[in-house]
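S.K.: Below is the file protein08.pdb, with PDB, C-alpha atoms.
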ATOM      1  CA  MET A  12       7.190 -29.778  19.226
ATOM      2  CA  PRO A  13       6.605 -27.097  16.590
ATOM      3  CA  GLN A  14       8.617 -24.492  18.474
ATOM      4  CA  ALA A  15      11.664 -26.763  18.580
ATOM      5  CA  ARG A  16      11.408 -27.467  14.840
ATOM      6  CA  TYR A  17      11.060 -23.762  14.169
ATOM      7  CA  SER A  18      14.141 -22.979  16.208
ATOM      8  CA  ALA A  19      16.146 -25.672  14.465
ATOM      9  CA  ARG A  20      15.105 -24.310  11.111
ATOM     10  CA  ARG A  21      16.011 -20.808  12.193
ATOM     11  CA  LEU A  22      19.431 -22.051  13.335
ATOM     12  CA  LEU A  23      19.945 -23.703   9.968
ATOM     13  CA  GLN A  24      18.995 -20.474   8.238
ATOM     14  CA  VAL A  25      21.461 -18.504  10.307
ATOM     15  CA  ALA A  26      24.189 -21.078   9.677
ATOM     16  CA  ALA A  27      23.494 -21.032   5.956
ATOM     17  CA  GLY A  28      23.538 -17.255   5.970
ATOM     18  CA  ALA A  29      26.826 -17.169   7.826
ATOM     19  CA  ALA A  30      28.323 -19.666   5.387
ATOM     20  CA  LEU A  31      27.171 -17.647   2.397
ATOM     21  CA  MET A  32      28.445 -14.450   3.970
ATOM     22  CA  SER A  33      31.895 -15.956   4.279
ATOM     23  CA  LEU A  34      32.115 -16.463   0.517
ATOM     24  CA  PRO A  35      34.166 -13.889  -1.382
ATOM     25  CA  PHE A  36      32.125 -11.154  -3.086
ATOM     26  CA  THR A  37      32.015 -12.148  -6.745
ATOM     27  CA  ALA A  38      28.436 -11.261  -7.722
ATOM     28  CA  ALA A  39      26.985  -8.068  -9.161
ATOM     29  CA  TRP A  40      26.650  -6.547  -5.705
ATOM     30  CA  ALA A  41      30.336  -7.050  -4.958
ATOM     31  CA  GLY A  42      32.493  -3.974  -4.752
ATOM     32  CA  GLY A  43      29.664  -1.563  -4.019
ATOM     33  CA  ASP A  44      30.397   1.848  -2.579
ATOM     34  CA  PRO A  45      28.958   2.188   0.947
ATOM     35  CA  GLU A  46      29.002   5.992   0.856
ATOM     36  CA  ALA A  47      27.013   6.053  -2.378
ATOM     37  CA  GLY A  48      24.808   3.341  -0.893
ATOM     38  CA  LYS A  49      24.022   5.564   2.074
ATOM     39  CA  GLN A  50      22.481   8.059  -0.350
ATOM     40  CA  VAL A  51      20.502   5.281  -2.047
ATOM     41  CA  PHE A  52      19.251   4.275   1.404
ATOM     42  CA  LYS A  53      18.232   7.843   2.239
ATOM     43  CA  GLN A  54      16.430   8.336  -1.064
ATOM     44  CA  ASN A  55      14.615   5.003  -1.198
ATOM     45  CA  CYS A  56      14.426   3.357   2.220
ATOM     46  CA  SER A  57      14.600   5.888   5.034
ATOM     47  CA  ILE A  58      10.946   6.912   4.796
ATOM     48  CA  CYS A  59      10.094   3.492   6.286
ATOM     49  CA  HIS A  60      13.325   2.000   7.651
ATOM     50  CA  SER A  61      15.795   3.171  10.275
ATOM     51  CA  PRO A  62      19.502   2.262  10.085
ATOM     52  CA  LEU A  63      19.599   2.252  13.886
ATOM     53  CA  PRO A  64      19.186  -0.896  15.989
ATOM     54  CA  GLY A  65      15.745  -1.467  17.468
ATOM     55  CA  LYS A  66      14.069   1.558  15.870
ATOM     56  CA  VAL A  67      10.860   0.452  14.149
ATOM     57  CA  ILE A  68       9.167   3.008  11.869
ATOM     58  CA  VAL A  69       6.757   1.769   9.193
ATOM     59  CA  GLY A  70       9.122  -1.096   8.433
ATOM     60  CA  PRO A  71      11.680  -2.946  10.565
ATOM     61  CA  PRO A  72      15.113  -1.411  11.207
ATOM     62  CA  LEU A  73      17.763  -2.426   8.694
ATOM     63  CA  PHE A  74      20.577  -2.463  11.244
ATOM     64  CA  GLY A  75      22.122  -5.926  10.983
ATOM     65  CA  VAL A  76      19.888  -6.937   8.069
ATOM     66  CA  VAL A  77      22.689  -8.539   6.058
ATOM     67  CA  GLY A  78      22.954 -12.164   7.085
ATOM     68  CA  ARG A  79      19.859 -12.320   9.246
ATOM     69  CA  PRO A  80      16.799 -14.455   8.484
ATOM     70  CA  THR A  81      13.510 -12.892   7.431
ATOM     71  CA  THR A  82      11.051 -11.964  10.202
ATOM     72  CA  SER A  83      13.722 -11.861  12.876
ATOM     73  CA  VAL A  84      13.330  -8.363  14.349
ATOM     74  CA  PRO A  85      11.565  -8.599  17.704
ATOM     75  CA  GLY A  86       8.538  -6.332  18.011
ATOM     76  CA  TYR A  87       7.868  -6.028  14.307
ATOM     77  CA  ASN A  88       4.746  -7.669  12.908
ATOM     78  CA  TYR A  89       5.763  -9.122   9.550
ATOM     79  CA  SER A  90       3.373 -10.069   6.765
ATOM     80  CA  PRO A  91       2.362 -13.736   6.477
ATOM     81  CA  ALA A  92       4.169 -13.737   3.123
ATOM     82  CA  ASN A  93       7.463 -12.729   4.732
ATOM     83  CA  ALA A  94       6.936 -15.156   7.586
ATOM     84  CA  ALA A  95       6.484 -17.996   5.114
ATOM     85  CA  ALA A  96       9.422 -17.000   2.931
ATOM     86  CA  HIS A  97      12.135 -18.481   5.206
ATOM     87  CA  LEU A  98      14.889 -16.529   3.500
ATOM     88  CA  VAL A  99      18.237 -15.361   4.771
ATOM     89  CA  TRP A 100      19.160 -11.851   3.711
ATOM     90  CA  THR A 101      22.457 -12.638   2.106
ATOM     91  CA  PRO A 102      23.789  -9.969  -0.256
ATOM     92  CA  ALA A 103      22.687 -12.075  -3.230
ATOM     93  CA  GLN A 104      19.188 -12.521  -1.797
ATOM     94  CA  LEU A 105      18.901  -8.836  -0.964
ATOM     95  CA  ASP A 106      19.970  -7.968  -4.497
ATOM     96  CA  LYS A 107      17.122 -10.044  -5.947
ATOM     97  CA  TYR A 108      14.622  -8.747  -3.405
ATOM     98  CA  ILE A 109      15.460  -5.070  -3.841
ATOM     99  CA  GLU A 110      15.262  -5.497  -7.603
ATOM    100  CA  ASN A 111      11.633  -6.663  -7.370
ATOM    101  CA  PRO A 112      10.250  -7.291  -3.858
ATOM    102  CA  GLN A 113       6.880  -8.664  -4.992
ATOM    103  CA  LYS A 114       8.575 -11.210  -7.253
ATOM    104  CA  ILE A 115      10.763 -12.648  -4.499
ATOM    105  CA  VAL A 116       8.170 -12.460  -1.705
ATOM    106  CA  PRO A 117       4.727 -12.298  -3.346
ATOM    107  CA  GLY A 118       2.313 -10.630  -0.955
ATOM    108  CA  THR A 119       4.957  -8.761   1.002
ATOM    109  CA  LYS A 120       3.469  -5.642   2.547
ATOM    110  CA  MET A 121       6.556  -3.642   1.591
ATOM    111  CA  THR A 122       5.123  -1.479  -1.183
ATOM    112  CA  PHE A 123       8.517  -0.215  -2.341
ATOM    113  CA  PRO A 124       8.378  -0.902  -6.093
ATOM    114  CA  GLY A 125      12.035  -1.928  -6.251
ATOM    115  CA  LEU A 126      15.097  -0.924  -8.261
ATOM    116  CA  PRO A 127      14.609  -3.061 -11.379
ATOM    117  CA  ASP A 128      17.295  -3.759 -13.953
ATOM    118  CA  SER A 129      14.998  -2.232 -16.569
ATOM    119  CA  VAL A 130      16.177   1.172 -15.335
ATOM    120  CA  ALA A 131      19.773   2.035 -16.167
ATOM    121  CA  GLY A 132      22.044   2.353 -13.153
ATOM    122  CA  ASN A 133      19.825   0.400 -10.785
ATOM    123  CA  ALA A 134      22.163  -2.604 -10.559
ATOM    124  CA  GLU A 135      24.906  -0.264  -9.353
ATOM    125  CA  LYS A 136      22.519   1.409  -6.918
ATOM    126  CA  ARG A 137      21.623  -1.991  -5.458
ATOM    127  CA  ALA A 138      25.289  -2.924  -5.133
ATOM    128  CA  ASN A 139      26.014   0.338  -3.355
ATOM    129  CA  LEU A 140      22.975  -0.024  -1.114
ATOM    130  CA  ILE A 141      23.945  -3.553  -0.088
ATOM    131  CA  ALA A 142      27.498  -2.400   0.582
ATOM    132  CA  TYR A 143      26.046   0.269   2.887
ATOM    133  CA  LEU A 144      23.659  -2.170   4.589
ATOM    134  CA  SER A 145      26.657  -4.441   5.208
ATOM    135  CA  THR A 146      28.191  -1.690   7.340
ATOM    136  CA  LEU A 147      25.152  -1.575   9.642
ATOM    137  CA  LYS A 148      26.360  -3.938  12.324
TER     138      LYS A 148
ATOM    139  CA  MET B   8     -59.797  16.871 -29.042
ATOM    140  CA  ASP B   9     -59.386  19.976 -31.187
ATOM    141  CA  ARG B  10     -56.192  20.895 -33.036
ATOM    142  CA  ARG B  11     -54.981  23.299 -30.313
ATOM    143  CA  THR B  12     -55.468  20.727 -27.537
ATOM    144  CA  SER B  13     -53.666  18.103 -29.609
ATOM    145  CA  LEU B  14     -50.672  20.401 -30.081
ATOM    146  CA  ILE B  15     -50.468  21.140 -26.364
ATOM    147  CA  ALA B  16     -50.688  17.428 -25.528
ATOM    148  CA  ALA B  17     -47.979  16.612 -28.073
ATOM    149  CA  SER B  18     -45.702  19.362 -26.665
ATOM    150  CA  VAL B  19     -46.140  18.080 -23.121
ATOM    151  CA  PHE B  20     -45.400  14.508 -24.242
ATOM    152  CA  LEU B  21     -42.275  15.571 -26.133
ATOM    153  CA  GLY B  22     -41.149  17.621 -23.142
ATOM    154  CA  VAL B  23     -41.477  14.638 -20.822
ATOM    155  CA  VAL B  24     -39.585  12.398 -23.262
ATOM    156  CA  ALA B  25     -36.807  14.968 -23.676
ATOM    157  CA  THR B  26     -36.478  15.445 -19.929
ATOM    158  CA  ALA B  27     -36.289  11.680 -19.372
ATOM    159  CA  ALA B  28     -33.620  11.376 -22.052
ATOM    160  CA  VAL B  29     -31.432  14.122 -20.582
ATOM    161  CA  ALA B  30     -31.825  13.404 -16.867
ATOM    162  CA  PRO B  31     -29.335  10.830 -15.492
ATOM    163  CA  ARG B  32     -30.839   7.563 -14.386
ATOM    164  CA  ALA B  33     -30.271   6.686 -10.774
ATOM    165  CA  ALA B  34     -29.298   3.146 -11.741
ATOM    166  CA  ASP B  35     -26.462   4.467 -13.936
ATOM    167  CA  GLU B  36     -24.850   6.462 -11.149
ATOM    168  CA  PRO B  37     -22.460   4.877  -8.658
ATOM    169  CA  GLN B  38     -24.311   4.618  -5.403
ATOM    170  CA  GLN B  39     -22.463   6.552  -2.719
ATOM    171  CA  ARG B  40     -22.995   4.580   0.453
ATOM    172  CA  PRO B  41     -21.920   5.909   3.823
ATOM    173  CA  ILE B  42     -18.450   5.113   5.128
ATOM    174  CA  PRO B  43     -17.194   4.994   8.727
ATOM    175  CA  GLN B  44     -16.929   8.553  10.006
ATOM    176  CA  SER B  45     -13.398   7.955  11.293
ATOM    177  CA  GLU B  46     -12.323   7.042   7.751
ATOM    178  CA  ALA B  47     -14.043  10.087   6.292
ATOM    179  CA  PHE B  48     -12.249  12.278   8.824
ATOM    180  CA  GLU B  49      -8.897  10.633   8.089
ATOM    181  CA  HIS B  50      -9.351  11.101   4.343
ATOM    182  CA  GLU B  51     -10.133  14.773   4.795
ATOM    183  CA  GLU B  52      -7.043  15.137   6.979
ATOM    184  CA  VAL B  53      -4.759  13.478   4.426
ATOM    185  CA  ILE B  54      -6.126  15.485   1.509
ATOM    186  CA  GLY B  55      -5.977  18.693   3.561
ATOM    187  CA  LYS B  56      -2.380  18.161   4.647
ATOM    188  CA  LEU B  57      -1.155  17.264   1.158
ATOM    189  CA  THR B  58      -3.075  20.171  -0.386
ATOM    190  CA  ARG B  59      -1.435  22.519   2.090
ATOM    191  CA  LEU B  60       1.994  21.150   1.111
ATOM    192  CA  THR B  61       1.260  21.779  -2.582
ATOM    193  CA  GLN B  62       1.307  25.513  -1.807
ATOM    194  CA  LYS B  63       4.948  25.323  -0.713
ATOM    195  CA  PRO B  64       7.825  26.217  -3.062
ATOM    196  CA  PRO B  65       9.885  23.536  -4.846
ATOM    197  CA  PRO B  66      10.901  20.878  -4.206
ATOM    198  CA  VAL B  67       8.129  20.221  -1.647
ATOM    199  CA  GLY B  68       5.174  21.764  -3.512
ATOM    200  CA  PRO B  69       5.523  19.864  -6.816
ATOM    201  CA  ALA B  70       6.326  16.608  -4.988
ATOM    202  CA  ALA B  71       3.203  17.027  -2.845
ATOM    203  CA  GLN B  72       1.110  17.738  -5.942
ATOM    204  CA  LYS B  73       2.347  14.539  -7.580
ATOM    205  CA  ALA B  74       1.498  12.526  -4.475
ATOM    206  CA  LEU B  75      -1.920  14.189  -4.207
ATOM    207  CA  ASP B  76      -2.671  13.448  -7.869
ATOM    208  CA  LEU B  77      -2.197   9.740  -7.150
ATOM    209  CA  ILE B  78      -3.705   9.565  -3.687
ATOM    210  CA  LYS B  79      -6.925  11.518  -4.252
ATOM    211  CA  PRO B  80      -8.419   9.232  -6.941
ATOM    212  CA  HIS B  81      -7.335   6.222  -4.892
ATOM    213  CA  LEU B  82      -9.166   7.543  -1.838
ATOM    214  CA  ASP B  83     -12.213   8.362  -3.976
ATOM    215  CA  HIS B  84     -12.251   4.744  -5.132
ATOM    216  CA  ASP B  85     -11.890   3.578  -1.534
ATOM    217  CA  ARG B  86     -14.951   5.652  -0.597
ATOM    218  CA  GLN B  87     -16.939   3.942  -3.342
ATOM    219  CA  VAL B  88     -15.782   0.361  -2.896
ATOM    220  CA  SER B  89     -13.652  -0.655   0.052
ATOM    221  CA  LEU B  90     -14.938   1.535   2.883
ATOM    222  CA  PRO B  91     -18.764   1.172   2.777
ATOM    223  CA  PRO B  92     -18.721  -2.513   3.884
ATOM    224  CA  LEU B  93     -16.859  -1.456   7.035
ATOM    225  CA  THR B  94     -20.050   0.292   8.235
ATOM    226  CA  LEU B  95     -21.465  -3.195   8.834
ATOM    227  CA  LEU B  96     -18.819  -4.067  11.423
ATOM    228  CA  PRO B  97     -20.695  -2.860  14.553
ATOM    229  CA  LEU B  98     -23.776  -4.914  13.624
ATOM    230  CA  LEU B  99     -21.748  -7.975  12.606
ATOM    231  CA  ALA B 100     -19.832  -7.761  15.874
ATOM    232  CA  GLU B 101     -23.160  -7.992  17.693
ATOM    233  CA  GLY B 102     -23.960 -11.143  15.739
ATOM    234  CA  LYS B 103     -26.600  -9.408  13.632
ATOM    235  CA  VAL B 104     -26.740 -10.529   9.999
ATOM    236  CA  SER B 105     -29.597  -9.776   7.629
ATOM    237  CA  PRO B 106     -30.249 -10.175   3.880
ATOM    238  CA  ASP B 107     -30.255  -6.406   3.404
ATOM    239  CA  MET B 108     -26.487  -6.529   4.020
ATOM    240  CA  LYS B 109     -25.911  -8.328   0.746
ATOM    241  CA  TRP B 110     -25.091  -5.064  -0.991
ATOM    242  CA  ALA B 111     -21.614  -5.489   0.494
ATOM    243  CA  LEU B 112     -20.925  -8.763  -1.349
ATOM    244  CA  PRO B 113     -20.204  -7.331  -4.811
ATOM    245  CA  LEU B 114     -17.994  -4.680  -3.224
ATOM    246  CA  ALA B 115     -15.963  -7.325  -1.372
ATOM    247  CA  ASP B 116     -15.713  -9.318  -4.600
ATOM    248  CA  GLN B 117     -14.513  -6.209  -6.410
ATOM    249  CA  ILE B 118     -11.813  -5.662  -3.785
ATOM    250  CA  LYS B 119     -10.632  -9.225  -4.290
ATOM    251  CA  ALA B 120     -10.605  -8.841  -8.069
ATOM    252  CA  GLU B 121      -8.664  -5.588  -7.835
ATOM    253  CA  GLN B 122      -5.920  -6.793  -5.471
ATOM    254  CA  ALA B 123      -3.140  -6.741  -8.085
ATOM    255  CA  GLN B 124      -4.182  -3.293  -9.298
ATOM    256  CA  ASN B 125      -4.379  -2.093  -5.707
ATOM    257  CA  THR B 126      -0.832  -3.321  -5.020
ATOM    258  CA  LYS B 127       0.399  -1.467  -8.110
ATOM    259  CA  GLU B 128      -1.349   1.733  -7.006
ATOM    260  CA  HIS B 129       0.157   1.403  -3.518
ATOM    261  CA  GLN B 130       3.607   1.011  -5.078
ATOM    262  CA  ASP B 131       3.090   4.139  -7.187
ATOM    263  CA  MET B 132       1.853   6.106  -4.181
ATOM    264  CA  THR B 133       4.771   4.867  -2.065
ATOM    265  CA  ALA B 134       7.196   6.058  -4.753
ATOM    266  CA  ALA B 135       5.503   9.480  -4.827
ATOM    267  CA  LEU B 136       5.503   9.723  -1.025
ATOM    268  CA  THR B 137       9.170   8.728  -0.932
ATOM    269  CA  ALA B 138       9.878  11.579  -3.360
ATOM    270  CA  LEU B 139       7.909  13.920  -1.081
ATOM    271  CA  PHE B 140       9.839  12.650   1.952
ATOM    272  CA  ASN B 141      13.120  13.309   0.148
ATOM    273  CA  ALA B 142      11.927  16.766  -0.922
ATOM    274  CA  GLY B 143      11.132  17.528   2.701
ATOM    275  CA  GLU B 144      14.586  16.377   3.792
ATOM    276  CA  GLU B 145      16.228  18.457   1.061
ATOM    277  CA  ALA B 146      14.252  21.558   2.009
ATOM    278  CA  ASN B 147      14.788  20.978   5.721
ATOM    279  CA  ASP B 148      11.012  20.762   6.069
ATOM    280  CA  PRO B 149      10.212  18.171   8.737
ATOM    281  CA  GLU B 150       6.470  18.796   8.324
ATOM    282  CA  ALA B 151       6.600  17.596   4.711
ATOM    283  CA  SER B 152       8.744  14.555   5.559
ATOM    284  CA  GLY B 153       6.503  13.746   8.510
ATOM    285  CA  ILE B 154       3.306  13.910   6.444
ATOM    286  CA  ALA B 155       4.876  11.707   3.760
ATOM    287  CA  ARG B 156       5.826   9.104   6.368
ATOM    288  CA  GLU B 157       2.397   9.330   7.987
ATOM    289  CA  CYS B 158       0.709   8.682   4.622
ATOM    290  CA  THR B 159       2.972   5.678   4.067
ATOM    291  CA  GLY B 160       1.768   4.316   7.389
ATOM    292  CA  ASP B 161      -1.827   4.841   6.225
ATOM    293  CA  LEU B 162      -1.117   2.785   3.101
ATOM    294  CA  LEU B 163       0.261   0.008   5.273
ATOM    295  CA  ASN B 164      -2.894   0.173   7.389
ATOM    296  CA  ASP B 165      -4.967  -0.390   4.239
ATOM    297  CA  ASP B 166      -2.934  -3.496   3.426
ATOM    298  CA  GLU B 167      -2.827  -4.884   6.949
ATOM    299  CA  VAL B 168      -6.317  -4.032   8.205
ATOM    300  CA  GLY B 169      -8.698  -2.382   5.742
ATOM    301  CA  GLU B 170      -8.537  -4.704   2.767
ATOM    302  CA  PRO B 171      -8.430  -7.977   4.774
ATOM    303  CA  THR B 172     -11.383  -6.773   6.849
ATOM    304  CA  VAL B 173     -13.538  -6.141   3.775
ATOM    305  CA  LEU B 174     -12.617  -9.553   2.384
ATOM    306  CA  LEU B 175     -13.485 -11.107   5.739
ATOM    307  CA  ILE B 176     -16.863  -9.337   5.782
ATOM    308  CA  GLY B 177     -17.565 -10.737   2.312
ATOM    309  CA  GLU B 178     -16.634 -14.278   3.343
ATOM    310  CA  TYR B 179     -18.697 -13.999   6.528
ATOM    311  CA  LEU B 180     -21.813 -12.662   4.787
ATOM    312  CA  ARG B 181     -21.566 -15.323   2.101
ATOM    313  CA  ALA B 182     -21.251 -18.050   4.729
ATOM    314  CA  LYS B 183     -24.247 -16.724   6.669
ATOM    315  CA  LEU B 184     -26.513 -15.628   3.828
ATOM    316  CA  GLY B 185     -25.448 -17.735   0.874
ATOM    317  CA  ASN B 186     -25.025 -16.535  -2.685
ATOM    318  CA  ASN B 187     -28.689 -16.060  -3.560
ATOM    319  CA  PRO B 188     -29.780 -12.476  -4.104
TER     320      PRO B 188
END
Would you put the structure from the file into structure tokens?

M.R.:
Amino acid sequence: MPQARYSARRLLQVAAGAALMSLPFTAAWAGGDPEAGKQVFKQNCSICHSPLPGKVIVGPPLFGVVGRPTTSVPGYNYSPANAAAHLVWTPAQLDKYIENPQKIVPGTKMTFPGLPDSVAGNAEKRANLIAYLSTLK
Amino acid sequence: MDRRTSLIAASVFLGVVATAAVAPRAADEPQQRPIPQSEAFEHEEVIGKLTRLTQKPPPVGPAAQKALDLIKPHLDHDRQVSLPPLTLLPLLAEGKVSPDMKWALPLADQIKAEQAQNTKEHQDMTAALTALFNAGEEANDPEASGIARECTGDLLNDDEVGEPTVLLIGEYLRAKLGNNP
């Protein structure tokens, strides 16, 4: 039964995400400043994403995004590319994605160009943003 | 033919040649095919709204100008390439396919070939619209922020509906009519 396999896979993704989330923050995104991250969110994400639960704008709400699998917001029609990605939005995964969305999920319909390392200060912005997103729960 | 008649004939000939050399050839000009009226209306609305925002003081005005400078040529290209095939949809939906629809094939092929460039342009426009959104927030101008968000939704519509539909039209016509001109 495809639906059963899908659910099992989704459960595995959630379990893997929860396990990764329990690891201590040691990567580049560790130690970010949530208050500074809120500004990064406002300046880069809020045109399309709401921080509130259940509020879909152009993109899905980012409430609870950290630790959840891709394509898991009910009522939002994700791109086939995102649906096929089968990722869990761990802080590390989000860091890679926000750096260059098209590289991590080729064909994603999110046209945000990213915060690439080629621009000074972007790694810190990503860390702060992820710290802020982690508070949305 | 006397000398005077010969001179007149030569002048007329040279005049015709000069006119032909200066006048643009129809084949060299991009053919402007019709586009769906709803799309034409929407384009006019977007350009009109952004143009109106450019008249506002900083930070909204300059941010709107930057967005307009990116969006206008993109929409002009859409009018030339990606929108004309959509005029075939009502006929195709009725099951009507004819060889005189083949003009849409090279346009669909062009859309496919330009996908990476199109994604890059959408990213640039999204960045400019995000800047306009932020300018609107900073200036406490909900109209500017709202128009920026609305335009972002339009870009998403292109990606989700417009472009795939043109590609589908191309695939359908090719399947029904073949590749022969």

S.K.: I'd like the interatomic distance between CA of Glu144 (chain B) and CA of Asn55 (chain A), to a tenth of an Å.

M.R.: 12.4 Å

S.K.: Can you tell me how far CA of Val104 (chain B) sits from CA of Pro41 (chain B), in Å to one decimal?

M.R.: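 These two atoms are separated by 18.2 Å.
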
S.K.: Identify all residues satisfying the PyMOL selection byres ((chain A) within 10 of (chain B)) in the given file; provide them as a PyMOL selection string.

M.R.: chain A and resi 53-59+68-70+89-90+113+118-125

S.K.: Within 9 Å of (-23.7, -5.3, 2.0) (file coordinates; all atoms listed in the file), which protein or nucleic acid residues are there? I'd like them as a list in words.

M.R.: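 Counting all atoms listed in the file, I find these residues within 9 Å of (-23.7, -5.3, 2.0): Pro91, Pro92, Leu95, Pro106, Asp107, Met108, Lys109, Trp110, Ala111, Leu112, Pro113, Leu114, Ala115, Ile176, Gly177 and Leu180 of chain B.
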
S.K.: Store the residues of this selection in a file with C-alpha atoms, as a PDB file, in the coordinates of the input.

M.R.:
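Listing of selection_7.pdb after writing:
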ATOM      1  CA  PRO B  91     -18.764   1.172   2.777  1.00  0.00           C
ATOM      2  CA  PRO B  92     -18.721  -2.513   3.884  1.00  0.00           C
ATOM      3  CA  LEU B  95     -21.465  -3.195   8.834  1.00  0.00           C
ATOM      4  CA  PRO B 106     -30.249 -10.175   3.880  1.00  0.00           C
ATOM      5  CA  ASP B 107     -30.255  -6.406   3.404  1.00  0.00           C
ATOM      6  CA  MET B 108     -26.487  -6.529   4.020  1.00  0.00           C
ATOM      7  CA  LYS B 109     -25.911  -8.328   0.746  1.00  0.00           C
ATOM      8  CA  TRP B 110     -25.091  -5.064  -0.991  1.00  0.00           C
ATOM      9  CA  ALA B 111     -21.614  -5.489   0.494  1.00  0.00           C
ATOM     10  CA  LEU B 112     -20.925  -8.763  -1.349  1.00  0.00           C
ATOM     11  CA  PRO B 113     -20.204  -7.331  -4.811  1.00  0.00           C
ATOM     12  CA  LEU B 114     -17.994  -4.680  -3.224  1.00  0.00           C
ATOM     13  CA  ALA B 115     -15.963  -7.325  -1.372  1.00  0.00           C
ATOM     14  CA  ILE B 176     -16.863  -9.337   5.782  1.00  0.00           C
ATOM     15  CA  GLY B 177     -17.565 -10.737   2.312  1.00  0.00           C
ATOM     16  CA  LEU B 180     -21.813 -12.662   4.787  1.00  0.00           C
TER      17      LEU B 180
END

S.K.: Hey, can you check how far CA of Lys148 (chain A) sits from CA of Pro64 (chain A)?

M.R.: 8.6 Å

S.K.: For Gln117 (chain B), find every residue with an atom within 9 Å (counting only C-alpha atoms), except residues of its own chain fewer than 5 positions away, and show them as a list in words.

M.R.: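 The neighbour list is Val88, Ser89, Leu112 and Gln122 of chain B.
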
S.K.: Counting only C-alpha atoms, which residue out of B:Leu82, B:Ala71, B:Ala120, B:Leu93 sits closest to Glu51 (chain B)?

M.R.: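 Result for the nearest residue to Glu51 (chain B): B:Leu82.
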
S.K.: So that I can check the surroundings of Gly42 (chain A), please list as a tab-separated table (two decimals) with C-alpha atoms, in the frame of the given file every protein, DNA and RNA residue that reaches within 12 Å of it, counting all atoms listed in the file and ignoring chain neighbours fewer than 6 positions away.

M.R.:
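Final output, selection-v8.tsv:
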chain	number	residue	atom	x	y	z
A	35	PRO	CA	34.17	-13.89	-1.38
A	36	PHE	CA	32.12	-11.15	-3.09
A	48	GLY	CA	24.81	3.34	-0.89
A	102	PRO	CA	23.79	-9.97	-0.26
A	134	ALA	CA	22.16	-2.60	-10.56
A	135	GLU	CA	24.91	-0.26	-9.35
A	136	LYS	CA	22.52	1.41	-6.92
A	137	ARG	CA	21.62	-1.99	-5.46
A	138	ALA	CA	25.29	-2.92	-5.13
A	139	ASN	CA	26.01	0.34	-3.36
A	140	LEU	CA	22.98	-0.02	-1.11
A	141	ILE	CA	23.94	-3.55	-0.09
A	142	ALA	CA	27.50	-2.40	0.58
A	143	TYR	CA	26.05	0.27	2.89
A	145	SER	CA	26.66	-4.44	5.21

S.K.: Run through the PyMOL selection byres ((chain A and resi 87) around 12) on the given coordinates and return the selected residues as a VMD selection string.

M.R.: chain A and resid 60 65 to 73 81 to 86 88 to 90 93 to 94

S.K.: Check the smallest atom-to-atom distance from each of A:Lys114, A:Leu144, A:Tyr108, A:Val130 to Ala47 (chain A) using all atoms listed in the file, then report the winner.

M.R.: A:Leu144

S.K.: Selected by the PyMOL selection byres ((chain B and resi 56) around 10) in the shown coordinates: which residues, as a list in words?

M.R.: His50, Glu51, Glu52, Val53, Ile54, Gly55, Leu57, Thr58, Arg59, Leu60, Thr61, Ala71, Leu75, Glu150, Ala151, Ile154, Ala155 and Cys158 of chain B

S.K.: Residues at most 6 Å from Pro80 (chain A), counting all atoms listed in the file, excluding those fewer than 4 positions away in the same chain, as an NGL selection string?

M.R.: :A and (98-100)
